[in-house]
Amino acid sequence: MKSFGQWLTSPWRRSALAALAGALPVLAFPAPSLWWFAYVALVPWIALIRSAPTGKRALYDGWSGGFGFMLAMHHWLLPNLHVFTFVLAALLGAFWAPWGWLVRRFLAGVPSVGRIAAALAVLPAGWLMAELVRSWQGLGGPWGMIGSSQWQVEPALRLASVGGVWLLSFLVVAVNVAVTVLVAIRASRVPAVAGLVATAAATSAVWVWSPRPDTDGRTRIAVVQPGVVPGPDNRFNREEQLTRELAGQDLDLIVWGESSVGYDLGRRPDLERRIAALSRETGTEILVNVDARRSDRPGIYKSSVLIGPNGYTGTRYDKMRLVPFGEYVPFRSVLGWATSVGEAAGEDRRRGTGQVVMDVGEGLRVGPMVCFESAFPDMSRHLADDGADVLIAQSATSTFQQSWAPEQHASLAALRAAETGRPMVHATLTGVSAVHGPDGERVGQWLGTSESASQVYDVPLSHGVTPYVRFGDWVVRAAVLIMAAWCAVEGLRALRFRRHAPRPPVRPARTVRGWPARHGH
């Protein structure tokens, strides 16, 4: 019988185990939503990496684990992107290869107290560097940041108002590092416990200190979710029916989901007139989302359009951050083959040029986002800074209806609300639709993927500025400084070693006869 250590000598077996370990954190996200598991989910992966025999093997362990993490987080893409899902996971997973090297550098063998203390700062900072790079919209955006798993934990949401989801990711990784040391390195348990105590103390201090937005009134917003209805005409008819049922409910705004209108209103003025009639019947403006080729400029856009009792109000927002492969193909000249193996976009949609805050009447200002733009914390932060009272995300995840994607997407509203101190409405075509208050708390009931209905929410309003809105991504900047400081220390250490290293003795020169040369004769 081979021992486990001998079994791991196979590179392929080790890579497979690293991929499996890397996939474990997905259980902390919806739909399982085992939020507490996030604080130990990285332990098997970290323990495996620290046992790597070489730095090169640690790089592969980091890459393999990153591949497993990204594949698990995006597994619902498989029916649409097919084999390209694995290519995407391998590409994104590569950003964790340097992190794997760092884990071995700090935790291999029996690390000193100093190394463990440094690891509790450098390893979370290194993880944030991986999340930062892969958060670029061209690489799929920040879907599945490990801090997002804490969307339903009140203390975590309080921390998000201070440092955003980045602070949550930093703390989750730091706890995992400390638990790994506590479990796997007996001789270093004291500094591990000290690290956990320090993390708990810092978290408690932030909890006590962090200011909370002051609630000052409420607004009544309705979400219209037509459900799975084939064809844009039938979908519009269902939305019209559900909206008409909202008459007489004293609403301040009605929100339809992403792609709720499948035709450009300039080409179909009859649809604009029907929506305007609904606005008159319900006594409020209606925020729809048009997914069509525009009549006033070339290209297909996804646009949030505000319709009032007299028709188009002149206020619209064109989606800026498009879904890679779903709405455009990055580097189409190179990756265009993805359209032949999956359901990638046959034509690239056009991007908007700037965010918009809309005045919907009675002094209420809303900041719209479309689809996975709600995954980007900077977009909601800028809207709040520009004066939005309510954040709105119009979404459609019908392609992934039976997967974990709809619930994962809806959960992001809690984080964006807590970060900005502004309520957020997540309105979808087919579920999950959700509303969260300024503290990230759930308001009313979610509309699930099996429902075709309209729902009215009494949404609490607030004023004030959260530290995250005021100071932005300071946690990311701190992580960059931590990495820079560590690199500087390592560089100085290497330079000092070179200066004090013993020089090899100089061998005497030999003559052609093999005898040492005698100078002076």
# chains A, B, ... in the order shown; residues from 1 in each chain; ligands from 1
call {"tool": "residues_around", "arguments": {"residues": "region 165-178 of chain A", "least_positions_apart": "4", "cutoff": "8 Å", "atoms": "only C-alpha atoms", "output": "number ranges by chain"}}
result
A: 38-43, 46, 119-121, 123-125, 127-128, 145-148, 150, 156, 159-160, 182, 192-193, 195-196, 199, 377, 415, 419, 473, 475-476
call {"tool": "write_last_selection", "arguments": {"atoms": "N, CA, C and O atoms", "output": "short mmCIF file (atom, residue, chain, number, x, y, z; two decimals), in the first residue's frame"}}
result
data_model
loop_
_atom_site.label_atom_id
_atom_site.label_comp_id
_atom_site.auth_asym_id
_atom_site.auth_seq_id
_atom_site.Cartn_x
_atom_site.Cartn_y
_atom_site.Cartn_z
N ALA A 38 -16.67 29.41 4.67
CA ALA A 38 -15.65 30.21 3.99
C ALA A 38 -14.40 30.36 4.85
O ALA A 38 -13.28 30.49 4.34
N TYR A 39 -14.57 30.35 6.20
CA TYR A 39 -13.44 30.60 7.09
C TYR A 39 -12.52 29.40 7.26
O TYR A 39 -11.45 29.52 7.87
N VAL A 40 -12.91 28.25 6.72
CA VAL A 40 -12.03 27.08 6.77
C VAL A 40 -11.91 26.42 5.40
O VAL A 40 -11.14 25.46 5.24
N ALA A 41 -12.61 26.93 4.40
CA ALA A 41 -12.66 26.26 3.09
C ALA A 41 -11.30 26.25 2.40
O ALA A 41 -11.03 25.35 1.59
N LEU A 42 -10.43 27.20 2.68
CA LEU A 42 -9.12 27.27 2.03
C LEU A 42 -8.08 26.42 2.73
O LEU A 42 -6.97 26.25 2.21
N VAL A 43 -8.40 25.89 3.91
CA VAL A 43 -7.40 25.17 4.71
C VAL A 43 -6.82 23.96 3.97
O VAL A 43 -5.59 23.80 3.92
N ILE A 46 -4.42 25.32 1.25
CA ILE A 46 -3.20 25.90 1.82
C ILE A 46 -2.29 24.80 2.37
O ILE A 46 -1.06 24.82 2.17
N ALA A 119 2.88 36.17 7.30
CA ALA A 119 1.94 35.42 6.45
C ALA A 119 0.51 35.91 6.64
O ALA A 119 -0.28 35.94 5.68
N LEU A 120 0.16 36.29 7.87
CA LEU A 120 -1.20 36.76 8.15
C LEU A 120 -1.51 38.07 7.45
O LEU A 120 -2.69 38.46 7.36
N ALA A 121 -0.50 38.76 6.96
CA ALA A 121 -0.72 39.99 6.20
C ALA A 121 -0.44 39.79 4.72
O ALA A 121 -1.21 40.22 3.86
N LEU A 123 -0.20 36.91 2.81
CA LEU A 123 -1.01 35.95 2.05
C LEU A 123 -2.41 36.51 1.73
O LEU A 123 -2.88 36.35 0.61
N PRO A 124 -3.11 37.17 2.67
CA PRO A 124 -4.37 37.81 2.27
C PRO A 124 -4.16 38.91 1.23
O PRO A 124 -4.98 39.07 0.31
N ALA A 125 -3.07 39.66 1.36
CA ALA A 125 -2.79 40.70 0.37
C ALA A 125 -2.52 40.08 -1.00
O ALA A 125 -2.98 40.60 -2.03
N TRP A 127 -3.73 37.26 -2.08
CA TRP A 127 -5.03 36.79 -2.59
C TRP A 127 -5.78 37.96 -3.22
O TRP A 127 -6.39 37.82 -4.28
N LEU A 128 -5.76 39.13 -2.57
CA LEU A 128 -6.43 40.29 -3.12
C LEU A 128 -5.84 40.71 -4.46
O LEU A 128 -6.56 41.20 -5.34
N MET A 145 -15.94 36.78 -5.68
CA MET A 145 -14.92 37.19 -4.70
C MET A 145 -15.25 36.54 -3.37
O MET A 145 -16.41 36.52 -2.95
N ILE A 146 -14.24 36.00 -2.71
CA ILE A 146 -14.52 35.15 -1.55
C ILE A 146 -15.22 35.93 -0.43
O ILE A 146 -16.00 35.37 0.34
N GLY A 147 -15.00 37.24 -0.36
CA GLY A 147 -15.71 38.03 0.62
C GLY A 147 -17.20 38.13 0.37
O GLY A 147 -17.98 38.37 1.30
N SER A 148 -17.61 37.91 -0.89
CA SER A 148 -19.04 37.97 -1.23
C SER A 148 -19.84 36.86 -0.58
O SER A 148 -21.08 36.95 -0.49
N GLN A 150 -20.14 36.34 2.37
CA GLN A 150 -20.63 36.82 3.67
C GLN A 150 -21.82 37.77 3.53
O GLN A 150 -22.11 38.55 4.45
N ALA A 156 -20.42 41.13 9.05
CA ALA A 156 -19.62 41.25 7.83
C ALA A 156 -20.13 42.42 6.97
O ALA A 156 -19.33 43.16 6.38
N LEU A 159 -18.73 45.56 8.23
CA LEU A 159 -17.34 45.73 7.79
C LEU A 159 -17.28 46.17 6.33
O LEU A 159 -16.40 46.94 5.94
N ALA A 160 -18.22 45.67 5.52
CA ALA A 160 -18.24 46.05 4.10
C ALA A 160 -18.46 47.54 3.94
O ALA A 160 -17.96 48.15 2.98
N LEU A 182 -2.82 26.56 12.81
CA LEU A 182 -3.30 25.96 14.05
C LEU A 182 -3.46 24.44 13.91
O LEU A 182 -3.15 23.68 14.83
N ALA A 192 -0.56 31.44 15.86
CA ALA A 192 -1.81 31.29 15.11
C ALA A 192 -2.99 31.75 15.94
O ALA A 192 -3.87 32.47 15.46
N VAL A 193 -3.00 31.32 17.22
CA VAL A 193 -4.08 31.75 18.11
C VAL A 193 -4.02 33.27 18.30
O VAL A 193 -5.06 33.96 18.29
N GLY A 195 -2.96 35.41 16.18
CA GLY A 195 -3.49 36.00 14.95
C GLY A 195 -5.00 36.02 14.92
O GLY A 195 -5.62 37.00 14.51
N LEU A 196 -5.61 34.90 15.34
CA LEU A 196 -7.07 34.83 15.38
C LEU A 196 -7.65 35.84 16.38
O LEU A 196 -8.65 36.51 16.10
N THR A 199 -7.34 39.32 14.90
CA THR A 199 -8.35 39.53 13.87
C THR A 199 -9.72 39.80 14.48
O THR A 199 -10.44 40.70 14.05
N PRO A 377 -18.02 46.66 -7.29
CA PRO A 377 -18.29 47.58 -6.18
C PRO A 377 -18.02 49.03 -6.52
O PRO A 377 -18.64 49.93 -5.95
N LEU A 415 -24.48 43.21 -0.54
CA LEU A 415 -23.15 43.78 -0.37
C LEU A 415 -23.08 45.20 -0.91
O LEU A 415 -22.52 46.09 -0.27
N GLU A 419 -22.19 48.40 1.40
CA GLU A 419 -21.00 49.19 1.08
C GLU A 419 -21.32 50.67 0.96
O GLU A 419 -20.55 51.52 1.39
N ASP A 473 -11.39 52.18 -2.46
CA ASP A 473 -10.75 50.86 -2.30
C ASP A 473 -9.44 50.97 -1.53
O ASP A 473 -8.37 50.56 -2.01
N VAL A 475 -8.52 49.31 1.00
CA VAL A 475 -7.99 47.99 1.36
C VAL A 475 -7.10 47.46 0.23
O VAL A 475 -6.04 46.86 0.49
N VAL A 476 -7.50 47.68 -1.00
CA VAL A 476 -6.67 47.26 -2.13
C VAL A 476 -5.35 48.01 -2.13
O VAL A 476 -4.28 47.42 -2.34
#
call {"tool": "select_by_dssp", "arguments": {"residues": "region 98-230 of chain A", "states": "alpha helix (DSSP H)", "output": "count of residues only"}}
result
84
call {"tool": "residues_around", "arguments": {"residues": "Leu24 (chain A)", "least_positions_apart": "3", "cutoff": "9 Å", "atoms": "only C-alpha atoms", "output": "ChimeraX atom specification"}}
result
/A:20-21,27-28,37-38,41-42,44-45,68-69,72
call {"tool": "write_last_selection", "arguments": {"atoms": "all heavy atoms", "output": "compact mmCIF listing (two decimals), in the first residue's frame"}}
result
# COMPACT_ATOMS: atom_id res chain seq x y z
N LEU A 20 -9.59 20.07 -6.61
CA LEU A 20 -10.72 19.72 -5.74
C LEU A 20 -10.72 20.60 -4.49
O LEU A 20 -11.78 21.09 -4.07
CB LEU A 20 -10.63 18.24 -5.36
CG LEU A 20 -11.77 17.71 -4.47
CD1 LEU A 20 -13.10 17.83 -5.19
CD2 LEU A 20 -11.50 16.25 -4.09
N ALA A 21 -9.55 20.79 -3.90
CA ALA A 21 -9.46 21.64 -2.71
C ALA A 21 -9.84 23.08 -3.04
O ALA A 21 -10.51 23.76 -2.25
CB ALA A 21 -8.05 21.57 -2.12
N LEU A 27 -19.07 26.26 -1.82
CA LEU A 27 -20.16 25.86 -0.93
C LEU A 27 -20.57 26.98 0.03
O LEU A 27 -21.65 26.94 0.61
CB LEU A 27 -19.76 24.61 -0.12
CG LEU A 27 -19.45 23.36 -0.95
CD1 LEU A 27 -18.96 22.24 -0.05
CD2 LEU A 27 -20.68 22.93 -1.73
N ALA A 28 -19.71 28.00 0.17
CA ALA A 28 -20.05 29.13 1.05
C ALA A 28 -20.96 30.13 0.34
O ALA A 28 -21.55 30.99 1.00
CB ALA A 28 -18.78 29.83 1.52
N PHE A 37 -18.52 28.28 6.32
CA PHE A 37 -17.53 27.38 5.74
C PHE A 37 -16.41 28.16 5.06
O PHE A 37 -15.29 27.64 4.90
CB PHE A 37 -18.22 26.45 4.74
CG PHE A 37 -17.34 25.39 4.16
CD1 PHE A 37 -16.73 24.45 4.97
CD2 PHE A 37 -17.10 25.33 2.79
CE1 PHE A 37 -15.90 23.47 4.44
CE2 PHE A 37 -16.28 24.35 2.25
CZ PHE A 37 -15.68 23.41 3.08
N ALA A 38 -16.67 29.41 4.67
CA ALA A 38 -15.65 30.21 3.99
C ALA A 38 -14.40 30.36 4.85
O ALA A 38 -13.28 30.49 4.34
CB ALA A 38 -16.22 31.58 3.63
N ALA A 41 -12.61 26.93 4.40
CA ALA A 41 -12.66 26.26 3.09
C ALA A 41 -11.30 26.25 2.40
O ALA A 41 -11.03 25.35 1.59
CB ALA A 41 -13.70 26.94 2.20
N LEU A 42 -10.43 27.20 2.68
CA LEU A 42 -9.12 27.27 2.03
C LEU A 42 -8.08 26.42 2.73
O LEU A 42 -6.97 26.25 2.21
CB LEU A 42 -8.64 28.72 1.97
CG LEU A 42 -9.50 29.71 1.17
CD1 LEU A 42 -8.89 31.11 1.26
CD2 LEU A 42 -9.63 29.28 -0.28
N PRO A 44 -7.62 23.09 3.36
CA PRO A 44 -7.02 21.95 2.64
C PRO A 44 -6.11 22.39 1.51
O PRO A 44 -5.04 21.78 1.28
CB PRO A 44 -8.24 21.19 2.10
CG PRO A 44 -9.36 21.57 3.02
CD PRO A 44 -9.11 23.00 3.37
N TRP A 45 -6.50 23.43 0.79
CA TRP A 45 -5.68 23.93 -0.33
C TRP A 45 -4.36 24.49 0.19
O TRP A 45 -3.28 24.17 -0.33
CB TRP A 45 -6.48 24.99 -1.07
CG TRP A 45 -5.86 25.53 -2.33
CD1 TRP A 45 -4.79 25.04 -3.00
CD2 TRP A 45 -6.31 26.67 -3.07
NE1 TRP A 45 -4.53 25.80 -4.11
CE2 TRP A 45 -5.44 26.81 -4.17
CE3 TRP A 45 -7.35 27.59 -2.89
CZ2 TRP A 45 -5.61 27.84 -5.11
CZ3 TRP A 45 -7.51 28.60 -3.81
CH2 TRP A 45 -6.65 28.72 -4.92
N GLY A 68 -9.74 25.07 -10.08
CA GLY A 68 -10.89 24.44 -9.43
C GLY A 68 -11.85 25.46 -8.86
O GLY A 68 -13.08 25.31 -8.99
N PHE A 69 -11.32 26.53 -8.26
CA PHE A 69 -12.16 27.58 -7.69
C PHE A 69 -12.98 28.27 -8.77
O PHE A 69 -14.20 28.44 -8.65
CB PHE A 69 -11.26 28.58 -6.95
CG PHE A 69 -12.00 29.70 -6.29
CD1 PHE A 69 -13.22 29.49 -5.64
CD2 PHE A 69 -11.48 30.98 -6.30
CE1 PHE A 69 -13.89 30.54 -5.03
CE2 PHE A 69 -12.15 32.03 -5.69
CZ PHE A 69 -13.36 31.81 -5.06
N ALA A 72 -15.62 25.92 -10.35
CA ALA A 72 -16.77 25.71 -9.47
C ALA A 72 -17.66 26.95 -9.42
O ALA A 72 -18.90 26.85 -9.43
CB ALA A 72 -16.28 25.36 -8.06
call {"tool": "select_by_dssp", "arguments": {"residues": "region 245-334 of chain A", "states": "strand (DSSP E)", "output": "tab-separated table (two decimals) with all heavy atoms, in the first residue's frame"}}
result
chain	number	residue	atom	x	y	z
A	253	LEU	N	-42.06	54.27	-8.03
A	253	LEU	CA	-41.33	53.78	-9.22
A	253	LEU	C	-41.69	52.33	-9.46
A	253	LEU	O	-41.89	51.56	-8.51
A	253	LEU	CB	-39.81	53.91	-9.02
A	253	LEU	CG	-38.92	53.49	-10.18
A	253	LEU	CD1	-39.12	54.41	-11.39
A	253	LEU	CD2	-37.46	53.46	-9.77
A	254	ILE	N	-41.74	51.95	-10.73
A	254	ILE	CA	-41.91	50.55	-11.14
A	254	ILE	C	-40.68	50.17	-11.95
A	254	ILE	O	-40.25	50.92	-12.84
A	254	ILE	CB	-43.18	50.35	-11.97
A	254	ILE	CG1	-44.43	50.68	-11.13
A	254	ILE	CG2	-43.27	48.91	-12.49
A	254	ILE	CD1	-45.72	50.67	-11.93
A	255	VAL	N	-40.10	49.01	-11.65
A	255	VAL	CA	-38.88	48.57	-12.33
A	255	VAL	C	-39.14	47.25	-13.05
A	255	VAL	O	-39.62	46.28	-12.44
A	255	VAL	CB	-37.72	48.39	-11.32
A	255	VAL	CG1	-36.43	48.03	-12.06
A	255	VAL	CG2	-37.52	49.66	-10.50
A	256	TRP	N	-38.81	47.23	-14.34
A	256	TRP	CA	-38.83	46.00	-15.12
A	256	TRP	C	-37.39	45.46	-15.22
A	256	TRP	O	-36.43	46.19	-15.00
A	256	TRP	CB	-39.37	46.25	-16.53
A	256	TRP	CG	-40.84	46.58	-16.60
A	256	TRP	CD1	-41.68	46.83	-15.56
A	256	TRP	CD2	-41.63	46.68	-17.78
A	256	TRP	NE1	-42.94	47.08	-16.01
A	256	TRP	CE2	-42.95	47.00	-17.37
A	256	TRP	CE3	-41.38	46.54	-19.14
A	256	TRP	CZ2	-43.99	47.18	-18.28
A	256	TRP	CZ3	-42.41	46.72	-20.05
A	256	TRP	CH2	-43.71	47.03	-19.63
A	286	ILE	N	-41.91	54.42	-15.03
A	286	ILE	CA	-41.53	53.02	-15.18
A	286	ILE	C	-40.14	52.95	-15.79
A	286	ILE	O	-39.87	53.55	-16.84
A	286	ILE	CB	-42.54	52.27	-16.08
A	286	ILE	CG1	-43.95	52.38	-15.49
A	286	ILE	CG2	-42.14	50.80	-16.22
A	286	ILE	CD1	-45.03	51.80	-16.39
A	287	LEU	N	-39.25	52.24	-15.11
A	287	LEU	CA	-37.89	52.03	-15.62
A	287	LEU	C	-37.84	50.70	-16.34
A	287	LEU	O	-37.93	49.63	-15.71
A	287	LEU	CB	-36.88	52.06	-14.47
A	287	LEU	CG	-35.40	51.97	-14.88
A	287	LEU	CD1	-34.98	53.19	-15.69
A	287	LEU	CD2	-34.51	51.81	-13.65
A	288	VAL	N	-37.73	50.73	-17.67
A	288	VAL	CA	-37.66	49.51	-18.46
A	288	VAL	C	-36.23	49.32	-18.94
A	288	VAL	O	-35.36	50.17	-18.72
A	288	VAL	CB	-38.63	49.57	-19.67
A	288	VAL	CG1	-40.06	49.78	-19.19
A	288	VAL	CG2	-38.21	50.66	-20.66
A	289	ASN	N	-35.97	48.21	-19.60
A	289	ASN	CA	-34.64	47.95	-20.14
A	289	ASN	C	-34.79	47.47	-21.58
A	289	ASN	O	-35.44	46.46	-21.84
A	289	ASN	CB	-33.90	46.91	-19.30
A	289	ASN	CG	-32.45	46.75	-19.72
A	289	ASN	OD1	-32.13	45.95	-20.59
A	289	ASN	ND2	-31.56	47.53	-19.12
A	290	VAL	N	-34.19	48.23	-22.49
A	290	VAL	CA	-34.32	47.95	-23.91
A	290	VAL	C	-33.06	47.24	-24.40
A	290	VAL	O	-31.94	47.73	-24.20
A	290	VAL	CB	-34.54	49.25	-24.71
A	290	VAL	CG1	-34.59	48.96	-26.21
A	290	VAL	CG2	-35.82	49.94	-24.25
A	291	ASP	N	-33.25	46.10	-25.03
A	291	ASP	CA	-32.15	45.32	-25.60
A	291	ASP	C	-32.40	45.19	-27.10
A	291	ASP	O	-33.13	44.30	-27.55
A	291	ASP	CB	-32.09	43.94	-24.94
A	291	ASP	CG	-30.92	43.09	-25.43
A	291	ASP	OD1	-30.12	43.59	-26.25
A	291	ASP	OD2	-30.82	41.92	-25.01
A	292	ALA	N	-31.84	46.13	-27.87
A	292	ALA	CA	-32.16	46.15	-29.30
A	292	ALA	C	-31.16	47.02	-30.06
A	292	ALA	O	-30.41	47.80	-29.47
A	292	ALA	CB	-33.58	46.69	-29.52
A	293	ARG	N	-31.20	46.89	-31.37
A	293	ARG	CA	-30.41	47.75	-32.24
A	293	ARG	C	-31.05	49.14	-32.25
A	293	ARG	O	-32.24	49.28	-32.52
A	293	ARG	CB	-30.37	47.18	-33.65
A	293	ARG	CG	-29.34	47.84	-34.57
A	293	ARG	CD	-29.30	47.14	-35.91
A	293	ARG	NE	-28.98	45.72	-35.76
A	293	ARG	CZ	-27.75	45.25	-35.61
A	293	ARG	NH1	-26.71	46.08	-35.61
A	293	ARG	NH2	-27.54	43.95	-35.48
A	300	ILE	N	-26.03	47.43	-31.30
A	300	ILE	CA	-26.99	46.95	-30.31
A	300	ILE	C	-26.56	47.44	-28.93
A	300	ILE	O	-25.39	47.30	-28.55
A	300	ILE	CB	-27.07	45.42	-30.32
A	300	ILE	CG1	-27.45	44.92	-31.73
A	300	ILE	CG2	-28.07	44.91	-29.30
A	300	ILE	CD1	-27.40	43.41	-31.86
A	301	TYR	N	-27.51	47.98	-28.18
A	301	TYR	CA	-27.25	48.46	-26.83
A	301	TYR	C	-28.23	47.81	-25.86
A	301	TYR	O	-29.33	47.42	-26.24
A	301	TYR	CB	-27.44	49.98	-26.74
A	301	TYR	CG	-26.37	50.80	-27.41
A	301	TYR	CD1	-26.38	50.99	-28.79
A	301	TYR	CD2	-25.36	51.40	-26.67
A	301	TYR	CE1	-25.40	51.76	-29.41
A	301	TYR	CE2	-24.38	52.18	-27.28
A	301	TYR	CZ	-24.41	52.35	-28.65
A	301	TYR	OH	-23.44	53.11	-29.26
A	302	LYS	N	-27.79	47.74	-24.59
A	302	LYS	CA	-28.71	47.43	-23.50
A	302	LYS	C	-28.85	48.70	-22.68
A	302	LYS	O	-27.86	49.20	-22.13
A	302	LYS	CB	-28.18	46.29	-22.62
A	302	LYS	CG	-28.41	44.91	-23.22
A	302	LYS	CD	-28.16	43.82	-22.21
A	302	LYS	CE	-28.50	42.45	-22.81
A	302	LYS	NZ	-28.29	41.36	-21.83
A	303	SER	N	-30.07	49.21	-22.59
A	303	SER	CA	-30.27	50.53	-22.02
A	303	SER	C	-31.40	50.55	-21.02
A	303	SER	O	-32.48	50.01	-21.27
A	303	SER	CB	-30.57	51.54	-23.14
A	303	SER	OG	-29.56	51.52	-24.14
A	304	SER	N	-31.14	51.20	-19.87
A	304	SER	CA	-32.19	51.50	-18.90
A	304	SER	C	-32.87	52.78	-19.36
A	304	SER	O	-32.21	53.82	-19.50
A	304	SER	CB	-31.61	51.68	-17.50
A	304	SER	OG	-30.92	50.53	-17.08
A	305	VAL	N	-34.18	52.70	-19.60
A	305	VAL	CA	-34.92	53.83	-20.17
A	305	VAL	C	-36.09	54.17	-19.25
A	305	VAL	O	-36.86	53.28	-18.87
A	305	VAL	CB	-35.43	53.49	-21.59
A	305	VAL	CG1	-36.22	54.65	-22.17
A	305	VAL	CG2	-34.26	53.11	-22.51
A	306	LEU	N	-36.21	55.46	-18.90
A	306	LEU	CA	-37.27	55.90	-18.00
A	306	LEU	C	-38.45	56.43	-18.83
A	306	LEU	O	-38.29	57.35	-19.64
A	306	LEU	CB	-36.74	56.99	-17.07
A	306	LEU	CG	-37.65	57.41	-15.91
A	306	LEU	CD1	-37.85	56.23	-14.96
A	306	LEU	CD2	-37.05	58.60	-15.17
A	307	ILE	N	-39.62	55.83	-18.59
A	307	ILE	CA	-40.84	56.20	-19.31
A	307	ILE	C	-41.82	56.82	-18.32
A	307	ILE	O	-42.09	56.24	-17.26
A	307	ILE	CB	-41.49	54.99	-19.99
A	307	ILE	CG1	-40.49	54.28	-20.91
A	307	ILE	CG2	-42.74	55.40	-20.77
A	307	ILE	CD1	-40.04	55.09	-22.10
A	308	GLY	N	-42.35	57.99	-18.66
A	308	GLY	CA	-43.33	58.67	-17.84
A	308	GLY	C	-44.70	58.69	-18.49
A	308	GLY	O	-44.91	58.07	-19.54
A	311	GLY	N	-44.57	59.53	-22.12
A	311	GLY	CA	-43.63	58.78	-22.95
A	311	GLY	C	-42.21	58.89	-22.44
A	311	GLY	O	-41.96	59.13	-21.24
A	312	TYR	N	-41.27	58.73	-23.34
A	312	TYR	CA	-39.85	58.74	-23.01
A	312	TYR	C	-39.46	60.07	-22.36
A	312	TYR	O	-39.72	61.14	-22.91
A	312	TYR	CB	-39.03	58.49	-24.27
A	312	TYR	CG	-37.53	58.60	-24.11
A	312	TYR	CD1	-36.88	58.02	-23.02
A	312	TYR	CD2	-36.76	59.28	-25.06
A	312	TYR	CE1	-35.50	58.12	-22.87
A	312	TYR	CE2	-35.38	59.37	-24.93
A	312	TYR	CZ	-34.76	58.80	-23.84
A	312	TYR	OH	-33.39	58.90	-23.70
A	313	THR	N	-38.84	60.00	-21.19
A	313	THR	CA	-38.50	61.21	-20.44
A	313	THR	C	-37.20	61.86	-20.91
A	313	THR	O	-36.85	62.94	-20.45
A	313	THR	CB	-38.36	60.89	-18.94
A	313	THR	OG1	-37.27	59.95	-18.77
A	313	THR	CG2	-39.65	60.29	-18.40
A	314	GLY	N	-36.47	61.17	-21.79
A	314	GLY	CA	-35.18	61.68	-22.22
A	314	GLY	C	-34.03	61.18	-21.38
A	314	GLY	O	-32.87	61.52	-21.61
A	315	THR	N	-34.32	60.37	-20.36
A	315	THR	CA	-33.29	59.85	-19.47
A	315	THR	C	-33.05	58.38	-19.76
A	315	THR	O	-33.97	57.57	-19.73
A	315	THR	CB	-33.72	60.00	-18.00
A	315	THR	OG1	-34.04	61.37	-17.75
A	315	THR	CG2	-32.61	59.56	-17.05
A	316	ARG	N	-31.79	58.06	-20.06
A	316	ARG	CA	-31.44	56.66	-20.33
A	316	ARG	C	-30.00	56.41	-19.88
A	316	ARG	O	-29.18	57.33	-19.78
A	316	ARG	CB	-31.61	56.32	-21.81
A	316	ARG	CG	-30.56	56.90	-22.73
A	316	ARG	CD	-30.85	56.55	-24.19
A	316	ARG	NE	-30.74	55.13	-24.45
A	316	ARG	CZ	-31.50	54.48	-25.34
A	316	ARG	NH1	-32.44	55.10	-26.01
A	316	ARG	NH2	-31.33	53.19	-25.53
A	317	TYR	N	-29.72	55.15	-19.61
A	317	TYR	CA	-28.37	54.72	-19.27
A	317	TYR	C	-28.02	53.53	-20.15
A	317	TYR	O	-28.75	52.53	-20.18
A	317	TYR	CB	-28.26	54.32	-17.80
A	317	TYR	CG	-27.01	53.50	-17.50
A	317	TYR	CD1	-25.75	54.07	-17.60
A	317	TYR	CD2	-27.10	52.15	-17.18
A	317	TYR	CE1	-24.60	53.31	-17.37
A	317	TYR	CE2	-25.98	51.39	-16.94
A	317	TYR	CZ	-24.73	51.97	-17.04
A	317	TYR	OH	-23.60	51.22	-16.82
A	318	ASP	N	-26.92	53.63	-20.88
A	318	ASP	CA	-26.45	52.53	-21.72
A	318	ASP	C	-25.42	51.71	-20.95
A	318	ASP	O	-24.45	52.27	-20.41
A	318	ASP	CB	-25.81	53.07	-23.01
A	318	ASP	CG	-26.81	53.84	-23.87
A	318	ASP	OD1	-27.97	53.41	-23.92
A	318	ASP	OD2	-26.42	54.86	-24.49
call {"tool": "residues_around", "arguments": {"residues": "Leu447 (chain A)", "least_positions_apart": "6", "cutoff": "12 Å", "atoms": "only C-alpha atoms", "output": "list in words"}}
result
Ala222, Val223, Val224, Gln225, Pro226, Gly227, Pro406, Glu407, Ala410, Val425, His426, Ala427, Thr428, Leu429, Thr430, Gly431, Val432, Ser433, Ala434, Val435, Ala453, Ser454, Gln455, Val456 and Tyr457 of chain A
call {"tool": "closest_residue", "arguments": {"among": "A:Gly361, A:Gly262, A:Pro155, A:Gln137", "to": "Met320 (chain A)", "atoms": "only C-alpha atoms"}}
result
A:Gln137
call {"tool": "atom_distance", "arguments": {"atom1": "CA of Ala19 (chain A)", "atom2": "CA of Gly93 (chain A)"}}
result
9.7 Å
call {"tool": "residues_around", "arguments": {"residues": "Pro309 (chain A)", "least_positions_apart": "2", "cutoff": "10 Å", "atoms": "only C-alpha atoms", "output": "number ranges by chain"}}
result
A: 273-286, 307, 311-313
